[in-house]
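Engineer: Data: start.cif, mmCIF, C-alpha atoms and all ligand atoms.
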data_protein
loop_
_atom_site.group_PDB
_atom_site.id
_atom_site.type_symbol
_atom_site.label_atom_id
_atom_site.label_comp_id
_atom_site.auth_asym_id
_atom_site.auth_seq_id
_atom_site.Cartn_x
_atom_site.Cartn_y
_atom_site.Cartn_z
ATOM 1 C CA MET A 1 2.253 5.805 40.709
ATOM 2 C CA GLU A 2 4.355 2.902 39.446
ATOM 3 C CA ASP A 3 1.178 0.824 39.169
ATOM 4 C CA VAL A 4 -0.456 3.459 36.993
ATOM 5 C CA VAL A 5 2.606 3.708 34.710
ATOM 6 C CA SER A 6 2.719 -0.054 34.372
ATOM 7 C CA SER A 7 -1.026 -0.228 33.536
ATOM 8 C CA HIS A 8 -0.590 2.519 30.949
ATOM 9 C CA ARG A 9 2.309 0.587 29.426
ATOM 10 C CA GLN A 10 0.277 -2.637 29.318
ATOM 11 C CA ILE A 11 -2.596 -0.877 27.588
ATOM 12 C CA LEU A 12 -0.250 0.677 25.034
ATOM 13 C CA GLU A 13 1.446 -2.680 24.419
ATOM 14 C CA PHE A 14 -1.904 -4.328 23.882
ATOM 15 C CA GLN A 15 -3.056 -1.580 21.522
ATOM 16 C CA LEU A 16 0.166 -1.845 19.478
ATOM 17 C CA ALA A 17 -0.156 -5.644 19.316
ATOM 18 C CA ALA A 18 -3.760 -5.208 18.169
ATOM 19 C CA GLY A 19 -2.522 -3.077 15.281
ATOM 20 C CA LEU A 20 -3.702 0.291 16.600
ATOM 21 C CA ASP A 21 -1.434 2.958 15.239
ATOM 22 C CA LEU A 22 -3.541 6.084 15.038
ATOM 23 C CA PRO A 23 -4.900 8.213 17.864
ATOM 24 C CA LEU A 24 -8.700 8.231 17.870
ATOM 25 C CA GLU A 25 -8.826 11.706 19.379
ATOM 26 C CA ASP A 26 -6.736 14.787 18.656
ATOM 27 C CA VAL A 27 -6.397 15.330 22.405
ATOM 28 C CA PRO A 28 -5.418 12.426 24.714
ATOM 29 C CA VAL A 29 -7.831 11.578 27.491
ATOM 30 C CA ASP A 30 -6.488 10.082 30.721
ATOM 31 C CA ARG A 31 -8.897 7.182 31.153
ATOM 32 C CA PHE A 32 -7.584 6.584 34.681
ATOM 33 C CA ALA A 33 -8.676 9.969 35.843
ATOM 34 C CA VAL A 34 -12.013 9.944 34.144
ATOM 35 C CA SER A 35 -14.343 12.089 36.115
ATOM 36 C CA ALA A 36 -17.007 14.534 35.132
ATOM 37 C CA GLU A 37 -14.414 17.291 35.413
ATOM 38 C CA ALA A 38 -11.828 15.485 33.258
ATOM 39 C CA ILE A 39 -14.407 14.740 30.594
ATOM 40 C CA ALA A 40 -15.590 18.344 30.569
ATOM 41 C CA LYS A 41 -11.965 19.553 30.196
ATOM 42 C CA ALA A 42 -11.197 17.142 27.364
ATOM 43 C CA GLU A 43 -14.400 18.121 25.584
ATOM 44 C CA ALA A 44 -13.537 21.790 25.908
ATOM 45 C CA ALA A 45 -10.029 21.222 24.500
ATOM 46 C CA ARG A 46 -11.225 19.119 21.566
ATOM 47 C CA PRO A 47 -11.262 20.962 18.203
ATOM 48 C CA PRO A 48 -14.733 21.402 16.674
ATOM 49 C CA PRO A 49 -15.944 18.583 14.415
ATOM 50 C CA PRO A 50 -15.181 19.030 10.685
ATOM 51 C CA GLU A 51 -18.497 20.755 9.756
ATOM 52 C CA ARG A 52 -18.096 23.305 12.519
ATOM 53 C CA ARG A 53 -14.409 23.693 11.653
ATOM 54 C CA ASN A 54 -15.307 24.501 8.053
ATOM 55 C CA GLU A 55 -18.019 26.898 9.146
ATOM 56 C CA SER A 56 -15.614 28.850 11.312
ATOM 57 C CA ARG A 57 -13.064 28.812 8.480
ATOM 58 C CA VAL A 58 -15.662 30.193 6.108
ATOM 59 C CA ALA A 59 -16.331 32.963 8.597
ATOM 60 C CA THR A 60 -12.657 33.948 8.928
ATOM 61 C CA ALA A 61 -11.250 33.071 5.505
ATOM 62 C CA PRO A 62 -12.996 33.368 2.162
ATOM 63 C CA THR A 63 -11.474 30.133 0.728
ATOM 64 C CA ALA A 64 -13.624 27.111 1.654
ATOM 65 C CA VAL A 65 -12.006 23.649 1.930
ATOM 66 C CA PRO A 66 -12.868 21.763 -1.289
ATOM 67 C CA ALA A 67 -15.247 18.852 -0.736
ATOM 68 C CA PRO A 68 -13.598 15.450 -1.255
ATOM 69 C CA LEU A 69 -14.236 13.992 -4.702
ATOM 70 C CA ALA A 70 -17.008 11.396 -5.024
ATOM 71 C CA PRO A 71 -15.525 7.969 -5.919
ATOM 72 C CA ASP A 72 -16.588 8.103 -9.583
ATOM 73 C CA ALA A 73 -15.192 11.594 -9.973
ATOM 74 C CA ALA A 74 -11.981 10.498 -8.219
ATOM 75 C CA ILE A 75 -11.582 7.597 -10.664
ATOM 76 C CA MET A 76 -12.098 9.923 -13.634
ATOM 77 C CA GLU A 77 -9.591 12.397 -12.237
ATOM 78 C CA ALA A 78 -7.080 9.612 -11.548
ATOM 79 C CA ARG A 79 -7.449 8.380 -15.147
ATOM 80 C CA ARG A 80 -6.980 11.873 -16.528
ATOM 81 C CA LEU A 81 -3.902 12.573 -14.409
ATOM 82 C CA ALA A 82 -2.262 9.181 -14.940
ATOM 83 C CA ALA A 83 -2.765 9.331 -18.712
ATOM 84 C CA SER A 84 -1.187 12.786 -18.786
ATOM 85 C CA ALA A 85 2.088 11.624 -17.173
ATOM 86 C CA PRO A 86 4.842 11.287 -19.772
ATOM 87 C CA ASP A 87 7.324 9.719 -17.334
ATOM 88 C CA LEU A 88 7.580 8.097 -13.906
ATOM 89 C CA GLU A 89 8.777 11.208 -12.105
ATOM 90 C CA THR A 90 5.794 13.213 -13.342
ATOM 91 C CA LEU A 91 3.484 10.354 -12.369
ATOM 92 C CA ARG A 92 4.994 10.342 -8.878
ATOM 93 C CA ARG A 93 4.397 14.082 -8.529
ATOM 94 C CA LEU A 94 0.825 13.851 -9.801
ATOM 95 C CA LEU A 95 0.126 11.056 -7.344
ATOM 96 C CA GLU A 96 1.681 13.031 -4.519
ATOM 97 C CA ASP A 97 -0.754 15.896 -5.248
ATOM 98 C CA PHE A 98 -3.795 13.665 -5.817
ATOM 99 C CA ASP A 99 -6.441 14.112 -3.108
ATOM 100 C CA GLY A 100 -9.055 11.693 -4.429
ATOM 101 C CA CYS A 101 -8.240 8.816 -2.075
ATOM 102 C CA THR A 102 -8.680 9.064 1.690
ATOM 103 C CA LEU A 103 -5.748 6.688 2.299
ATOM 104 C CA LYS A 104 -3.493 9.674 1.717
ATOM 105 C CA SER A 105 -4.841 11.455 4.794
ATOM 106 C CA THR A 106 -3.936 8.674 7.234
ATOM 107 C CA ALA A 107 -0.570 7.694 5.728
ATOM 108 C CA SER A 108 2.658 9.501 6.611
ATOM 109 C CA ARG A 109 3.912 9.664 3.059
ATOM 110 C CA LEU A 110 3.630 8.372 -0.493
ATOM 111 C CA VAL A 111 5.426 5.069 -1.146
ATOM 112 C CA PHE A 112 5.960 5.167 -4.891
ATOM 113 C CA ALA A 113 8.604 2.658 -5.975
ATOM 114 C CA ASP A 114 11.955 1.037 -5.437
ATOM 115 C CA GLY A 115 14.407 -0.802 -7.659
ATOM 116 C CA ARG A 116 15.314 0.237 -11.164
ATOM 117 C CA PRO A 117 12.767 1.939 -13.437
ATOM 118 C CA GLY A 118 12.754 0.103 -16.762
ATOM 119 C CA ALA A 119 13.995 -3.170 -15.233
ATOM 120 C CA PRO A 120 12.894 -6.329 -17.074
ATOM 121 C CA ILE A 121 10.771 -7.503 -14.116
ATOM 122 C CA MET A 122 8.161 -5.403 -12.362
ATOM 123 C CA ILE A 123 6.848 -6.628 -9.011
ATOM 124 C CA VAL A 124 3.561 -5.321 -7.647
ATOM 125 C CA GLY A 125 2.615 -5.961 -4.011
ATOM 126 C CA GLU A 126 -0.427 -4.936 -1.989
ATOM 127 C CA ALA A 127 0.176 -1.779 0.044
ATOM 128 C CA PRO A 128 2.879 -0.201 2.175
ATOM 129 C CA GLY A 129 3.091 -1.342 5.787
ATOM 130 C CA ARG A 130 4.365 0.513 8.827
ATOM 131 C CA ASP A 131 8.078 0.394 7.843
ATOM 132 C CA GLU A 132 7.401 1.415 4.257
ATOM 133 C CA ASP A 133 5.209 4.288 5.469
ATOM 134 C CA GLU A 134 8.049 5.487 7.662
ATOM 135 C CA ILE A 135 10.806 5.176 5.071
ATOM 136 C CA GLY A 136 8.886 5.905 1.863
ATOM 137 C CA LYS A 137 9.995 2.835 -0.118
ATOM 138 C CA PRO A 138 8.106 -0.390 -0.818
ATOM 139 C CA PHE A 139 9.138 -3.672 0.780
ATOM 140 C CA VAL A 140 11.681 -2.466 3.312
ATOM 141 C CA GLY A 141 10.237 -4.281 6.369
ATOM 142 C CA ARG A 142 10.292 -7.994 7.210
ATOM 143 C CA ALA A 143 8.345 -8.961 4.092
ATOM 144 C CA GLY A 144 10.792 -6.900 2.050
ATOM 145 C CA GLN A 145 13.770 -8.670 3.574
ATOM 146 C CA LEU A 146 12.212 -11.977 2.606
ATOM 147 C CA LEU A 147 11.557 -10.619 -0.894
ATOM 148 C CA ASP A 148 15.265 -9.748 -1.182
ATOM 149 C CA LYS A 149 16.167 -13.315 -0.206
ATOM 150 C CA MET A 150 13.679 -14.683 -2.718
ATOM 151 C CA LEU A 151 15.228 -12.560 -5.454
ATOM 152 C CA THR A 152 18.743 -13.596 -4.439
ATOM 153 C CA SER A 153 17.652 -17.242 -4.639
ATOM 154 C CA ILE A 154 17.149 -16.797 -8.402
ATOM 155 C CA GLY A 155 20.265 -14.706 -8.871
ATOM 156 C CA LEU A 156 18.541 -11.303 -8.872
ATOM 157 C CA SER A 157 18.781 -8.159 -6.789
ATOM 158 C CA ARG A 158 16.629 -5.037 -6.407
ATOM 159 C CA ASP A 159 18.541 -3.561 -9.298
ATOM 160 C CA ASP A 160 17.077 -6.177 -11.629
ATOM 161 C CA VAL A 161 13.499 -5.347 -10.695
ATOM 162 C CA TYR A 162 11.194 -2.362 -10.319
ATOM 163 C CA ILE A 163 8.837 -2.609 -7.330
ATOM 164 C CA ALA A 164 5.567 -0.839 -6.532
ATOM 165 C CA ASN A 165 2.279 -1.550 -4.786
ATOM 166 C CA THR A 166 -1.358 -1.712 -5.845
ATOM 167 C CA VAL A 167 -1.964 1.295 -3.587
ATOM 168 C CA PRO A 168 0.862 3.710 -2.683
ATOM 169 C CA TRP A 169 -0.374 4.815 0.757
ATOM 170 C CA ARG A 170 -0.457 2.667 3.860
ATOM 171 C CA PRO A 171 -4.013 1.692 4.846
ATOM 172 C CA PRO A 172 -4.631 2.440 8.551
ATOM 173 C CA GLY A 173 -3.695 -0.469 10.800
ATOM 174 C CA ASN A 174 -2.330 -2.354 7.746
ATOM 175 C CA ARG A 175 -5.809 -3.396 6.695
ATOM 176 C CA THR A 176 -6.370 -4.621 3.137
ATOM 177 C CA PRO A 177 -7.193 -1.725 0.804
ATOM 178 C CA THR A 178 -10.909 -1.584 -0.011
ATOM 179 C CA PRO A 179 -12.168 -2.260 -3.565
ATOM 180 C CA GLN A 180 -13.067 1.436 -3.810
ATOM 181 C CA GLU A 181 -9.569 2.605 -2.811
ATOM 182 C CA ILE A 182 -8.065 0.149 -5.280
ATOM 183 C CA ALA A 183 -10.409 1.292 -8.071
ATOM 184 C CA ILE A 184 -9.542 4.949 -7.491
ATOM 185 C CA LEU A 185 -5.794 4.286 -7.563
ATOM 186 C CA LEU A 186 -5.771 1.691 -10.353
ATOM 187 C CA PRO A 187 -5.070 4.191 -13.176
ATOM 188 C CA PHE A 188 -1.845 5.212 -11.411
ATOM 189 C CA ILE A 189 -0.399 1.720 -10.975
ATOM 190 C CA THR A 190 -1.347 0.687 -14.514
ATOM 191 C CA ARG A 191 0.347 3.820 -15.894
ATOM 192 C CA GLN A 192 3.354 3.133 -13.652
ATOM 193 C CA ILE A 193 3.688 -0.351 -15.145
ATOM 194 C CA GLU A 194 3.337 1.068 -18.653
ATOM 195 C CA LEU A 195 5.944 3.777 -18.088
ATOM 196 C CA SER A 196 8.439 1.346 -16.578
ATOM 197 C CA GLY A 197 7.775 -1.106 -19.441
ATOM 198 C CA PRO A 198 8.828 -4.464 -17.941
ATOM 199 C CA LYS A 199 9.185 -7.665 -19.958
ATOM 200 C CA VAL A 200 7.471 -9.688 -17.228
ATOM 201 C CA LEU A 201 5.071 -8.727 -14.441
ATOM 202 C CA LEU A 202 5.034 -10.501 -11.062
ATOM 203 C CA THR A 203 1.975 -9.909 -8.875
ATOM 204 C CA MET A 204 2.375 -10.817 -5.229
ATOM 205 C CA GLY A 205 -0.688 -11.668 -3.175
ATOM 206 C CA ALA A 206 -4.418 -11.520 -3.844
ATOM 207 C CA PRO A 207 -5.103 -7.764 -4.196
ATOM 208 C CA ALA A 208 -2.397 -7.185 -6.843
ATOM 209 C CA THR A 209 -3.215 -10.405 -8.689
ATOM 210 C CA GLN A 210 -6.986 -10.017 -8.705
ATOM 211 C CA THR A 211 -6.846 -6.333 -9.599
ATOM 212 C CA LEU A 212 -4.182 -6.291 -12.276
ATOM 213 C CA LEU A 213 -4.917 -9.672 -13.816
ATOM 214 C CA ASN A 214 -8.669 -9.318 -13.536
ATOM 215 C CA GLN A 215 -9.178 -12.530 -11.562
ATOM 216 C CA LYS A 216 -11.662 -13.531 -8.884
ATOM 217 C CA GLU A 217 -10.240 -16.750 -7.446
ATOM 218 C CA GLY A 218 -8.101 -16.888 -4.306
ATOM 219 C CA ILE A 219 -4.327 -16.532 -4.513
ATOM 220 C CA LEU A 220 -3.698 -20.192 -3.670
ATOM 221 C CA ARG A 221 -5.548 -21.105 -6.860
ATOM 222 C CA LEU A 222 -4.028 -18.314 -8.941
ATOM 223 C CA ARG A 223 -0.376 -18.592 -7.919
ATOM 224 C CA GLY A 224 1.978 -20.298 -10.307
ATOM 225 C CA ARG A 225 -0.286 -19.483 -13.267
ATOM 226 C CA TRP A 226 0.733 -17.313 -16.189
ATOM 227 C CA PHE A 227 -1.582 -14.624 -17.518
ATOM 228 C CA GLU A 228 -1.338 -11.996 -20.223
ATOM 229 C CA TYR A 229 -1.173 -8.435 -19.020
ATOM 230 C CA ALA A 230 -2.247 -5.759 -21.498
ATOM 231 C CA MET A 231 0.322 -2.988 -21.178
ATOM 232 C CA GLY A 232 -0.457 -0.054 -23.424
ATOM 233 C CA GLY A 233 -0.803 -1.539 -26.874
ATOM 234 C CA ARG A 234 0.992 -4.831 -26.165
ATOM 235 C CA LYS A 235 0.762 -7.901 -23.981
ATOM 236 C CA ILE A 236 3.393 -9.147 -21.561
ATOM 237 C CA PRO A 237 3.463 -12.358 -19.504
ATOM 238 C CA ALA A 238 2.360 -11.963 -15.896
ATOM 239 C CA LEU A 239 2.848 -14.473 -13.096
ATOM 240 C CA ALA A 240 0.889 -14.576 -9.839
ATOM 241 C CA THR A 241 2.697 -15.661 -6.703
ATOM 242 C CA LEU A 242 2.335 -15.696 -2.926
ATOM 243 C CA HIS A 243 3.005 -12.569 -0.939
ATOM 244 C CA PRO A 244 6.157 -12.637 1.250
ATOM 245 C CA ALA A 245 4.098 -11.472 4.266
ATOM 246 C CA TYR A 246 1.971 -14.604 3.845
ATOM 247 C CA LEU A 247 5.131 -16.719 3.580
ATOM 248 C CA LEU A 248 6.339 -15.275 6.882
ATOM 249 C CA ARG A 249 3.135 -16.569 8.478
ATOM 250 C CA GLN A 250 3.121 -19.865 6.521
ATOM 251 C CA PRO A 251 6.784 -20.770 5.960
ATOM 252 C CA SER A 252 5.848 -24.228 4.674
ATOM 253 C CA GLN A 253 4.451 -22.518 1.541
ATOM 254 C CA LYS A 254 7.864 -21.149 0.601
ATOM 255 C CA ALA A 255 8.427 -24.166 -1.637
ATOM 256 C CA LEU A 256 5.536 -22.996 -3.849
ATOM 257 C CA ALA A 257 6.962 -19.490 -4.089
ATOM 258 C CA TRP A 258 10.358 -20.926 -4.960
ATOM 259 C CA ARG A 259 8.738 -22.896 -7.790
ATOM 260 C CA ASP A 260 7.089 -19.688 -9.073
ATOM 261 C CA LEU A 261 10.361 -17.784 -8.963
ATOM 262 C CA ARG A 262 12.152 -20.422 -10.987
ATOM 263 C CA ALA A 263 9.356 -20.217 -13.570
ATOM 264 C CA LEU A 264 9.821 -16.436 -13.595
ATOM 265 C CA ARG A 265 13.536 -16.752 -14.213
ATOM 266 C CA ALA A 266 12.961 -19.227 -17.048
ATOM 267 C CA LYS A 267 10.375 -16.919 -18.657
ATOM 268 C CA LEU A 268 12.776 -14.011 -18.446
ATOM 269 C CA HIS A 269 15.316 -15.912 -20.487
ATOM 270 C CA GLU A 270 12.661 -16.573 -23.151
ATOM 271 C CA ALA A 271 11.188 -13.067 -23.181
HETATM 272 N N1 LIG B 301 3.679 -5.510 1.710
HETATM 273 C C1 LIG B 301 3.390 -5.017 0.483
HETATM 274 O O1 LIG B 301 2.533 -5.535 -0.228
HETATM 275 N N2 LIG B 301 4.066 -3.964 0.059
HETATM 276 C C2 LIG B 301 5.020 -3.380 0.776
HETATM 277 O O2 LIG B 301 5.589 -2.402 0.309
HETATM 278 C C3 LIG B 301 5.308 -3.917 2.046
HETATM 279 C C4 LIG B 301 4.622 -4.983 2.499
#
Using the file provided, produce a representation of the structure as structure tokens.
Structural biologist:
Amino acid sequence: MEDVVSSHRQILEFQLAAGLDLPLEDVPVDRFAVSAEAIAKAEAARPPPPERRNESRVATAPTAVPAPLAPDAAIMEARRLAASAPDLETLRRLLEDFDGCTLKSTASRLVFADGRPGAPIMIVGEAPGRDEDEIGKPFVGRAGQLLDKMLTSIGLSRDDVYIANTVPWRPPGNRTPTPQEIAILLPFITRQIELSGPKVLLTMGAPATQTLLNQKEGILRLRGRWFEYAMGGRKIPALATLHPAYLLRQPSQKALAWRDLRALRAKLHEA
């Protein structure tokens, strides 16, 4: 018995280390007792696949589950909703109710923002990770702790910045959001930037930089460069820098990030 428990633990540890964080089946299957009988039982207990589920729902309830929006329709809907938001709180609520992006269905919750709305600096990262998904705020895990230290190093705190992500739901297994997910959610983050109205924008990592600053090169080429970001009817300076999660893996690159942050502080004094 102890052997079985220890093997189960080893498998779970390996799966966690490999980034697996979602069950693949609704009903667990004991792979150590796999026999024709066990398989038959698990199959019998498994809920019907989505088509069959919908069919049975149609039979018992007159309201059918709406089909998910096609990507183009989802983008149009996102644009319409985002443009209609007069303030950040409304935008947050509209995003919470938006069903056009499948990331929402695997995440635990929406991770909208942290820091101070209207702060002179707005920081945009990539996507929430496991800790952010649990707590509901961006940059609260290890990368967030490093971000706090980076801000402190230039005399700033979270109160001096407003922080959000390119996508507000955690992608499963912390994968990079796909171009389609980013495209669907782009109207929300651009409206969020506009409604917060920063003086300077800081994009951290490749997805935020390439998406918001319309660039194609890699982040190591883009970092440290200033761009113009069109925010509503005006332009504000935007700086690309390295993502703190990357700096945790490559601590020798912190010197580059430090250089970028000093440039940010200098620009803030000019702006
Ligand atoms: N990485 C990000 O890009 N955003 C977070 O909120 C956390 C980690």
Engineer: Quick one: which residues end up in the PyMOL selection byres (((chain A and resi 231) around 8) and not hetatm) for this structure, as a ChimeraX atom specification?
Structural biologist: /A:190,193-194,197,229-230,232-236
Engineer: Counting only C-alpha atoms and all ligand atoms, what are the residues, protein, DNA or RNA alike, that approach ligand LIG 301 (chain B) to within 9 Å? I want them as a PyMOL selection string.
Structural biologist: chain A and resi 111+113+124-133+137-144+163-168+170+204-205+207-208+243-245
Engineer: Mind telling me what the PyMOL selection byres (((chain A and resi 185) around 8) and not hetatm) catches here, as a PDB file with C-alpha atoms, keeping the file's coordinate frame?
Structural biologist:
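Output contents, as saved in expr_2.pdb:
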ATOM      1  CA  ILE A  75     -11.582   7.597 -10.664  1.00  0.00           C
ATOM      2  CA  ALA A  78      -7.080   9.612 -11.548  1.00  0.00           C
ATOM      3  CA  CYS A 101      -8.240   8.816  -2.075  1.00  0.00           C
ATOM      4  CA  THR A 166      -1.358  -1.712  -5.845  1.00  0.00           C
ATOM      5  CA  VAL A 167      -1.964   1.295  -3.587  1.00  0.00           C
ATOM      6  CA  GLU A 181      -9.569   2.605  -2.811  1.00  0.00           C
ATOM      7  CA  ILE A 182      -8.065   0.149  -5.280  1.00  0.00           C
ATOM      8  CA  ALA A 183     -10.409   1.292  -8.071  1.00  0.00           C
ATOM      9  CA  ILE A 184      -9.542   4.949  -7.491  1.00  0.00           C
ATOM     10  CA  LEU A 186      -5.771   1.691 -10.353  1.00  0.00           C
ATOM     11  CA  PRO A 187      -5.070   4.191 -13.176  1.00  0.00           C
ATOM     12  CA  PHE A 188      -1.845   5.212 -11.411  1.00  0.00           C
ATOM     13  CA  ILE A 189      -0.399   1.720 -10.975  1.00  0.00           C
TER      14      ILE A 189
END
Engineer: Using the chain letters and numbering of this document, enumerate as an MDAnalysis selection string the residues selected by the PyMOL selection byres (((chain A and resi 93) around 12) and not hetatm).
Structural biologist: chainID A and resid 81:82 84:92 94:98 110:112 188
Engineer: Which one of A:His269, A:Lys216, A:Ala238, A:Leu147 sits closest to A:Ala257 if you count only C-alpha atoms?
Structural biologist: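 With only C-alpha atoms as the atom set, the closest residue is A:Leu147.
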Engineer: Rounded to one decimal place, report the atom CA of A:Phe227-atom CA of A:Ala271 distance in Å.
Structural biologist: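 Separation of atom CA of A:Phe227 and atom CA of A:Ala271: 14.1 Å.
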Engineer: For each of A:Thr211, A:Ser108, A:Asn174, A:Thr152, take the minimum atom-to-atom distance to A:Gly136, counting all atoms listed in the file, then give the residue where this is smallest.
Structural biologist: A:Ser108
Engineer: Between A:Glu270, A:Ser196, A:Leu248, A:Arg225, which has the minimum distance to A:Gln145 (counting only C-alpha atoms)?
Structural biologist: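 So, comparing all the options, the nearest one is A:Leu248.
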Engineer: So what do you get for atom CA of A:Pro171 versus atom CA of A:Thr106, distance-wise?
Structural biologist: 7.4 Å
Engineer: Atom CA of A:Arg109 and atom CA of A:Thr209, how far apart in Å?
Structural biologist: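 It comes out at 24.3 Å.
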Engineer: Considering all atoms listed in the file, can you say which of A:Gly155, A:Pro251, A:Gly218, A:Pro179 comes closest to A:Leu264?
Structural biologist: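 The closest residue to A:Leu264 is A:Gly155.
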Engineer: If we count only C-alpha atoms and set the cut-off at 10 Å, which residues sit around A:Ala119, ignoring sequence neighbours fewer than 3 positions away in its own chain? Please answer as a PyMOL selection string.
Structural biologist: chain A and resi 115-116+122+158-163+196-200
Engineer: Using all atoms listed in the file, find the one residue out of A:Arg265, A:Arg221, A:Arg191, A:Lys254 that sits nearest to A:Ala83.
Structural biologist: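 Going through A:Arg265, A:Arg221, A:Arg191, A:Lys254 one by one, the smallest distance to A:Ala83 is for A:Arg191.
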Engineer: Go through A:Ala73, A:Thr102, A:Leu268, A:Gln215 and flag the residue nearest A:Thr178, using only C-alpha atoms for the distances.
Structural biologist: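 Closest candidate: A:Thr102.
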